$ cat work_3.cif   # mmCIF, C-alpha atoms
data_input
#
loop_
_atom_site.label_atom_id
_atom_site.label_comp_id
_atom_site.auth_asym_id
_atom_site.auth_seq_id
_atom_site.Cartn_x
_atom_site.Cartn_y
_atom_site.Cartn_z
CA MET A 1 -21.66 18.77 17.73
CA ALA A 2 -20.19 21.89 16.09
CA GLU A 3 -16.97 20.06 15.23
CA ARG A 4 -18.64 17.31 13.22
CA LEU A 5 -18.35 16.92 9.48
CA LYS A 6 -21.68 16.09 7.89
CA ILE A 7 -22.79 14.29 4.73
CA LYS A 8 -26.50 14.57 4.08
CA PHE A 9 -28.24 12.75 1.23
CA THR A 10 -31.63 14.29 0.63
CA GLY A 11 -34.42 14.29 -1.94
CA ASN A 12 -36.54 11.63 -3.64
CA GLU A 13 -37.47 10.18 -0.25
CA ILE A 14 -33.98 8.77 0.38
CA GLU A 15 -33.60 7.27 3.86
CA PRO A 16 -31.34 4.74 5.66
CA SER A 17 -33.78 1.83 5.14
CA LYS A 18 -33.36 2.14 1.35
CA VAL A 19 -29.58 1.78 1.44
CA SER A 20 -27.72 -1.50 1.90
CA ALA A 21 -24.97 -1.87 4.47
CA ASN A 22 -22.44 -2.35 1.67
CA GLU A 23 -23.46 0.89 -0.04
CA PHE A 24 -23.33 2.78 3.23
CA ALA A 25 -19.89 1.38 4.12
CA LYS A 26 -18.54 2.21 0.65
CA ILE A 27 -19.66 5.83 0.85
CA VAL A 28 -18.11 6.29 4.30
CA ALA A 29 -14.85 4.62 3.23
CA CYS A 30 -14.65 6.71 0.05
CA TYR A 31 -15.17 9.93 2.00
CA GLU A 32 -12.39 9.03 4.41
CA ASN A 33 -10.09 7.94 1.56
CA ALA A 34 -10.72 11.22 -0.28
CA LEU A 35 -9.76 13.21 2.81
CA LEU A 36 -6.62 11.13 3.38
CA ALA A 37 -5.60 11.49 -0.28
CA VAL A 38 -5.54 15.28 0.14
CA ILE A 39 -3.46 14.98 3.31
CA ASN A 40 -1.01 12.53 1.71
CA LYS A 41 -0.58 14.84 -1.28
CA LYS A 42 0.14 17.90 0.86
CA HIS A 43 2.14 16.09 3.56
CA PRO A 44 3.86 13.10 1.89
CA ALA A 45 6.31 12.62 4.77
CA ARG A 46 3.63 12.77 7.44
CA ASN A 47 3.65 9.96 10.00
CA GLY A 48 0.72 8.78 12.08
CA ILE A 49 -2.80 7.54 11.48
CA ASP A 50 -5.52 9.94 10.34
CA PHE A 51 -9.20 9.05 10.13
CA ILE A 52 -12.76 10.16 10.70
CA SER A 53 -15.01 8.56 13.32
CA ILE A 54 -18.66 7.99 12.43
CA VAL A 55 -20.54 9.18 15.50
CA GLU A 56 -24.12 9.32 14.28
CA VAL A 57 -26.40 8.31 11.41
CA LYS A 58 -29.65 10.25 11.37
CA HIS A 59 -32.98 9.60 9.75
CA GLU A 60 -32.97 13.15 8.34
CA SER A 61 -33.17 11.78 4.82
CA LEU A 62 -29.81 10.02 5.25
CA THR A 63 -27.32 11.99 7.33
CA ILE A 64 -23.86 10.87 8.40
CA GLU A 65 -21.96 12.83 11.03
CA ALA A 66 -18.24 12.28 11.64
CA ASP A 67 -15.60 13.62 13.99
CA PRO A 68 -12.35 14.60 12.24
CA HIS A 69 -9.37 13.05 13.97
CA VAL A 70 -6.97 15.97 13.37
CA ASP A 71 -7.05 19.53 12.03
CA GLU A 72 -5.59 18.34 8.72
CA ILE A 73 -8.81 16.37 8.15
CA LYS A 74 -10.82 19.59 8.42
CA GLU A 75 -8.44 21.35 6.03
CA ALA A 76 -8.81 18.49 3.54
CA ALA A 77 -12.61 18.61 3.82
CA ASN A 78 -12.56 22.33 3.06
CA GLU A 79 -10.31 21.83 0.03
CA ILE A 80 -12.57 19.11 -1.39
CA ASN A 81 -15.81 20.98 -0.72
CA THR A 82 -14.44 24.19 -2.20
CA ALA A 83 -13.41 22.38 -5.39
CA ILE A 84 -16.86 20.78 -5.70
CA LYS A 85 -18.64 24.09 -5.10
CA ASN A 86 -16.51 25.93 -7.67
CA ASN A 87 -16.76 23.12 -10.22
CA LYS A 88 -13.00 22.52 -10.09
CA VAL A 89 -12.95 18.85 -9.09
CA ASN A 90 -10.38 18.07 -11.81
CA PHE A 91 -7.84 20.16 -9.90
CA LEU A 92 -7.99 17.76 -6.95
CA PRO A 93 -5.55 14.83 -6.66
CA TYR A 94 -6.49 11.88 -8.88
CA GLU A 95 -7.19 9.59 -5.91
CA VAL A 96 -9.61 12.14 -4.46
CA ILE A 97 -11.63 12.19 -7.67
CA GLU A 98 -11.66 8.38 -7.72
CA ASN A 99 -13.25 8.41 -4.28
CA LEU A 100 -15.79 11.09 -5.16
CA VAL A 101 -17.09 9.12 -8.15
CA PRO A 102 -19.07 6.71 -5.88
CA PHE A 103 -20.84 9.75 -4.40
CA GLN A 104 -21.90 10.75 -7.91
CA GLN A 105 -23.00 7.18 -8.67
CA PHE A 106 -25.04 7.06 -5.44
CA VAL A 107 -26.72 10.38 -6.21
CA ASN A 108 -27.51 9.26 -9.78
CA LYS A 109 -28.89 5.91 -8.60
CA TYR A 110 -31.27 7.35 -6.00
CA GLY A 111 -32.06 10.63 -7.74
CA CYS A 112 -31.07 12.60 -4.66
CA LYS A 113 -28.31 15.06 -3.81
CA ALA A 114 -25.41 14.99 -1.34
CA ILE A 115 -24.76 18.00 0.86
CA LEU A 116 -21.29 18.13 2.36
CA ASN A 117 -21.27 20.75 5.06
CA GLY A 118 -19.20 20.85 8.15
CA ILE A 119 -17.71 23.03 10.78
CA GLU A 120 -16.53 26.63 10.78
CA GLY A 121 -13.84 27.06 8.18
CA VAL A 122 -15.15 24.20 6.03
CA GLU A 123 -17.04 25.18 2.89
CA THR A 124 -20.45 23.69 2.11
CA ALA A 125 -20.90 21.90 -1.23
CA GLU A 126 -23.53 19.89 -3.06
CA ILE A 127 -23.23 16.92 -5.41
CA THR A 128 -26.27 16.61 -7.68
CA VAL A 129 -27.10 14.58 -10.78
CA GLU A 130 -25.78 17.54 -12.79
CA SER A 131 -22.38 17.55 -11.05
CA ASP A 132 -21.04 14.84 -13.37
CA ILE A 133 -18.03 13.95 -11.23
CA LYS A 134 -15.97 11.38 -13.16
CA ILE A 135 -12.51 10.35 -14.22
CA SER A 136 -12.25 12.34 -17.44
CA GLU A 137 -9.68 12.40 -20.23
CA ALA A 138 -8.68 15.87 -19.06
CA LEU A 139 -6.75 14.16 -16.25
CA TYR A 140 -4.39 12.45 -18.72
CA TYR A 141 -1.97 13.20 -21.52
CA LYS A 142 -0.90 10.94 -24.38
CA GLY A 143 2.15 10.47 -26.57
CA GLU A 144 4.29 7.99 -28.45
CA THR A 145 6.82 6.08 -26.39
CA THR A 146 8.81 2.86 -26.06
CA ILE A 147 8.66 0.86 -22.85
CA TYR A 148 11.27 -1.80 -22.06
CA GLY A 149 10.88 -4.79 -19.79
CA LYS A 150 10.92 -8.54 -19.28
CA ILE A 151 8.03 -10.63 -20.59
CA ILE A 152 6.39 -12.37 -17.64
CA ARG A 153 3.17 -13.54 -19.28
CA ILE A 154 1.71 -14.08 -22.75
CA GLY A 155 -1.70 -15.37 -23.78
CA GLY A 156 -5.35 -15.39 -22.81
CA ALA A 157 -8.62 -15.51 -24.73
CA GLN A 158 -7.85 -11.95 -25.73
CA PRO A 159 -4.08 -12.16 -26.17
CA ARG A 160 -2.09 -9.95 -23.83
CA VAL A 161 1.61 -9.40 -23.28
CA ARG A 162 2.63 -8.48 -19.75
CA ILE A 163 6.07 -7.10 -19.01
CA GLU A 164 7.89 -6.07 -15.87
CA THR A 165 10.08 -2.98 -16.08
CA GLU A 166 13.36 -2.50 -14.23
CA SER A 167 11.49 -0.41 -11.64
CA GLY A 168 9.25 -3.40 -10.87
CA LYS A 169 6.11 -1.96 -12.50
CA THR A 170 4.03 -4.37 -14.58
CA ILE A 171 2.39 -3.29 -17.83
CA SER A 172 -0.12 -5.38 -19.78
CA VAL A 173 -0.99 -4.67 -23.41
CA ILE A 174 -3.54 -6.21 -25.76
CA THR A 175 -2.20 -7.67 -28.99
CA ASP A 176 -3.23 -10.17 -31.68
CA ARG A 177 -2.63 -13.92 -31.84
CA LYS A 178 0.19 -13.58 -34.37
CA ASN A 179 2.23 -11.24 -32.16
CA ALA A 180 1.53 -13.38 -29.09
CA LYS A 181 2.73 -16.49 -30.91
CA ASN A 182 5.87 -14.78 -32.22
CA LEU A 183 6.74 -13.49 -28.76
CA SER A 184 6.09 -16.78 -26.94
CA PRO A 185 9.63 -18.16 -27.47
CA HIS A 186 10.93 -15.01 -25.75
CA LEU A 187 9.03 -15.50 -22.49
CA TYR A 188 11.17 -14.08 -19.65
CA GLY A 189 13.29 -12.33 -22.25
CA LYS A 190 13.55 -8.56 -22.68
CA ILE A 191 11.52 -6.62 -25.23
CA GLY A 192 10.61 -3.08 -26.14
CA ILE A 193 7.00 -2.12 -26.80
CA LYS A 194 6.52 0.85 -29.12
CA GLY A 195 3.15 2.51 -28.96
CA VAL A 196 0.94 5.32 -27.66
CA GLY A 197 1.13 5.81 -23.90
CA LYS A 198 -1.38 7.42 -21.55
CA TRP A 199 -0.14 9.09 -18.35
CA LYS A 200 -1.76 10.79 -15.36
CA LYS A 201 -1.00 14.52 -15.49
CA GLU A 202 -0.75 14.59 -11.72
CA ASN A 203 2.28 12.32 -11.32
CA ASP A 204 3.27 11.09 -14.81
CA GLU A 205 2.17 7.55 -13.97
CA LEU A 206 1.73 5.39 -17.09
CA VAL A 207 -1.77 3.87 -16.99
CA GLU A 208 -2.19 2.55 -20.52
CA LEU A 209 -0.10 1.57 -23.52
CA LYS A 210 -1.55 0.79 -26.95
CA PRO A 211 1.18 -1.14 -28.79
CA LYS A 212 2.15 -0.56 -32.39
CA SER A 213 5.15 -2.90 -32.56
CA PHE A 214 7.39 -5.12 -30.45
CA VAL A 215 11.20 -5.24 -30.46
CA VAL A 216 12.99 -8.29 -29.06
CA LEU A 217 16.19 -7.24 -27.31
CA SER A 218 19.42 -9.19 -27.51
CA GLU A 219 20.39 -11.20 -24.43
CA VAL A 220 24.07 -10.98 -25.36
CA PRO A 221 25.90 -8.72 -22.85
CA LEU A 222 27.15 -5.38 -24.18
CA THR A 223 30.76 -6.35 -23.52
CA GLU A 224 30.38 -9.41 -25.73
CA ARG A 225 28.74 -7.40 -28.49
CA LEU A 226 31.55 -4.83 -28.39
CA LYS A 227 34.08 -7.64 -28.46
CA GLY A 228 32.41 -9.06 -31.56
CA LEU A 229 32.48 -5.63 -33.20
CA SER A 230 36.17 -5.30 -32.38
CA ASN A 231 36.94 -8.65 -33.97
CA LEU A 232 34.99 -7.69 -37.07
CA LEU A 233 36.81 -4.38 -37.58
CA SER A 234 40.31 -5.31 -36.40
CA LYS A 235 41.47 -6.50 -39.84
CA TYR A 236 40.96 -2.98 -41.21
CA TRP A 237 43.29 -1.48 -38.61
CA LYS A 238 46.11 -4.00 -38.38
CA ASN A 239 48.35 -2.20 -40.95
CA ILE A 240 47.83 1.24 -39.42
CA GLU A 241 50.67 2.11 -37.05
CA ASN A 242 49.04 5.11 -35.33
CA PRO A 243 45.20 4.97 -35.31
CA ASP A 244 44.92 8.42 -33.64
CA ASP A 245 46.91 10.15 -36.38
CA TYR A 246 44.94 8.28 -39.01
CA ILE A 247 41.58 9.37 -37.58
CA THR A 248 42.85 12.96 -37.32
CA SER A 249 43.84 12.91 -41.00
CA LEU A 250 40.38 11.65 -41.94
CA ARG A 251 38.81 14.56 -40.09
CA GLY A 252 41.01 17.00 -41.99
#
$ encode --input "work_3.cif" --output "structure tokens"
Amino acid sequence: MAERLKIKFTGNEIEPSKVSANEFAKIVACYENALLAVINKKHPARNGIDFISIVEVKHESLTIEADPHVDEIKEAANEINTAIKNNKVNFLPYEVIENLVPFQQFVNKYGCKAILNGIEGVETAEITVESDIKISEALYYKGETTIYGKIIRIGGAQPRVRIETESGKTISVITDRKNAKNLSPHLYGKIGIKGVGKWKKENDELVELKPKSFVVLSEVPLTERLKGLSNLLSKYWKNIENPDDYITSLRG
């Protein structure tokens, strides 16, 4: 019993009979996912399967008890609980915060509080309606950028342009009908999208791009373009015996 992690929802007469199976399953899954996100962040090369086992659901308000599979699970629980207690949730990995948001939504919905307390060495924390755990703008940074890729889709009731970058990532941006129509002939062609990007501070992942303009890129290979440039300029060099000496003279 002493080794079990515990999540207790209490207050406002909350009890298991008031919670649907889907809600219950979501809370359990989010708690496990939050723990695993901490482990994956700290041990990215770790192999094996980590999980928690639900061993008991009590009618003490609504209490869930779980056995941690490995010591790393306990360490992750302590890190999460400590951040919640010290009001430093935004310092946790992004995926952890994503999985704590449903706890906040559950607490807000039922007007109760969640008490996360576990074993020795694991801090105790509470999530209340005042905790306000959410994905905030403080987790991102913004700036102007240009993203290049191949158009793979255009259109929709609210026109969107979706591109695929060389790394295989897809990015979809909202535009107007005029831009969508102008870009349609270039479907599967390469473009650049200039705009304001939004990235996660944690890993520099681009999550949003608000376009300002689109640039259609030439499909002509670089070698062909250089060849064309050479043909264009060759007439100016044909009477110069030593181009190197001539360029040196121009430079003084």
$ atom_distance --input "work_3.cif" --atom1 "CA of Ala29 (chain A)" --atom2 "CA of Lys198 (chain A)"
28.3 Å
$ residues_around --input "work_3.cif" --residues "Ile97 (chain A)" --least-positions-apart "6" --cutoff "9 Å" --atoms "only C-alpha atoms" --output "NGL selection string"
:A and (34 or 89-90 or 133-135)
$ residues_around --input "work_3.cif" --residues "region 14-22 of chain A" --least-positions-apart "6" --cutoff "8 Å" --atoms "only C-alpha atoms" --output "MDAnalysis selection string"
chainID A and resid 59:62 110 112
$ residues_around --input "work_3.cif" --residues "region 66-73 of chain A" --least-positions-apart "3" --cutoff "10 Å" --atoms "all atoms listed in the file" --output "ChimeraX atom specification"
/A:1-7,28,32,35-36,38-39,42-43,49-57,76-79,118
$ residues_around --input "work_3.cif" --residues "Ala114 (chain A)" --least-positions-apart "5" --cutoff "8 Å" --atoms "all atoms listed in the file" --output "number ranges by chain"
A: 7-10, 103, 107, 126-128
$ residues_around --input "work_3.cif" --residues "Lys210 (chain A)" --least-positions-apart "6" --cutoff "8 Å" --atoms "all atoms listed in the file" --output "list of chain:residue names"
A:Val173, A:Ile174, A:Gly195, A:Val196, A:Gly197
$ closest_residue --input "work_3.cif" --among "A:Glu123, A:Glu208, A:Asn99, A:Gln105" --to "Asn86 (chain A)" --atoms "all atoms listed in the file"
A:Glu123
$ atom_distance --input "work_3.cif" --atom1 "CA of Ile151 (chain A)" --atom2 "CA of Asn203 (chain A)"
25.4 Å
$ resolve_selection --input "work_3.cif" --expression "the PyMOL selection byres ((chain A and resi 211) around 12)" --output "list in words"
Gly143, Glu144, Thr145, Thr146, Ile147, Arg160, Val161, Arg162, Ile171, Ser172, Val173, Ile174, Thr175, Asp176, Asn179, Gly192, Ile193, Lys194, Gly195, Val196, Gly197, Lys198, Glu208, Leu209, Lys210, Lys212, Ser213, Phe214 and Val215 of chain A
$ atom_distance --input "work_3.cif" --atom1 "CA of Leu217 (chain A)" --atom2 "CA of Gly189 (chain A)"
7.7 Å
$ closest_residue --input "work_3.cif" --among "A:Leu116, A:Ile240, A:Phe106, A:Ile64" --to "Ala83 (chain A)" --atoms "only C-alpha atoms"
A:Leu116
$ closest_residue --input "work_3.cif" --among "A:Glu13, A:Glu65, A:Glu202, A:Glu23" --to "Leu92 (chain A)" --atoms "only C-alpha atoms"
A:Glu202
$ closest_residue --input "work_3.cif" --among "A:Gly155, A:Ser131, A:Phe24, A:Asn12" --to "Asn182 (chain A)" --atoms "all atoms listed in the file"
A:Gly155
$ closest_residue --input "work_3.cif" --among "A:Ile27, A:Ala157, A:Leu139, A:Ile191" --to "Leu100 (chain A)" --atoms "all atoms listed in the file"
A:Ile27
$ closest_residue --input "work_3.cif" --among "A:Thr248, A:Asn81, A:Tyr141, A:Gly156" --to "Lys181 (chain A)" --atoms "all atoms listed in the file"
A:Gly156
$ resolve_selection --input "work_3.cif" --expression "the PyMOL selection byres ((chain A and resi 188) around 8)" --output "PyMOL selection string"
chain A and resi 150-152+186-187+189-190
$ axis_aligned_box --input "work_3.cif" --around "region 16-27 of chain A" --padding-each-side "4 Å" --output "JSON"
{"center_x": -26.2, "center_y": 1.7, "center_z": 2.8, "size_x": 23.2, "size_y": 16.2, "size_z": 13.7}
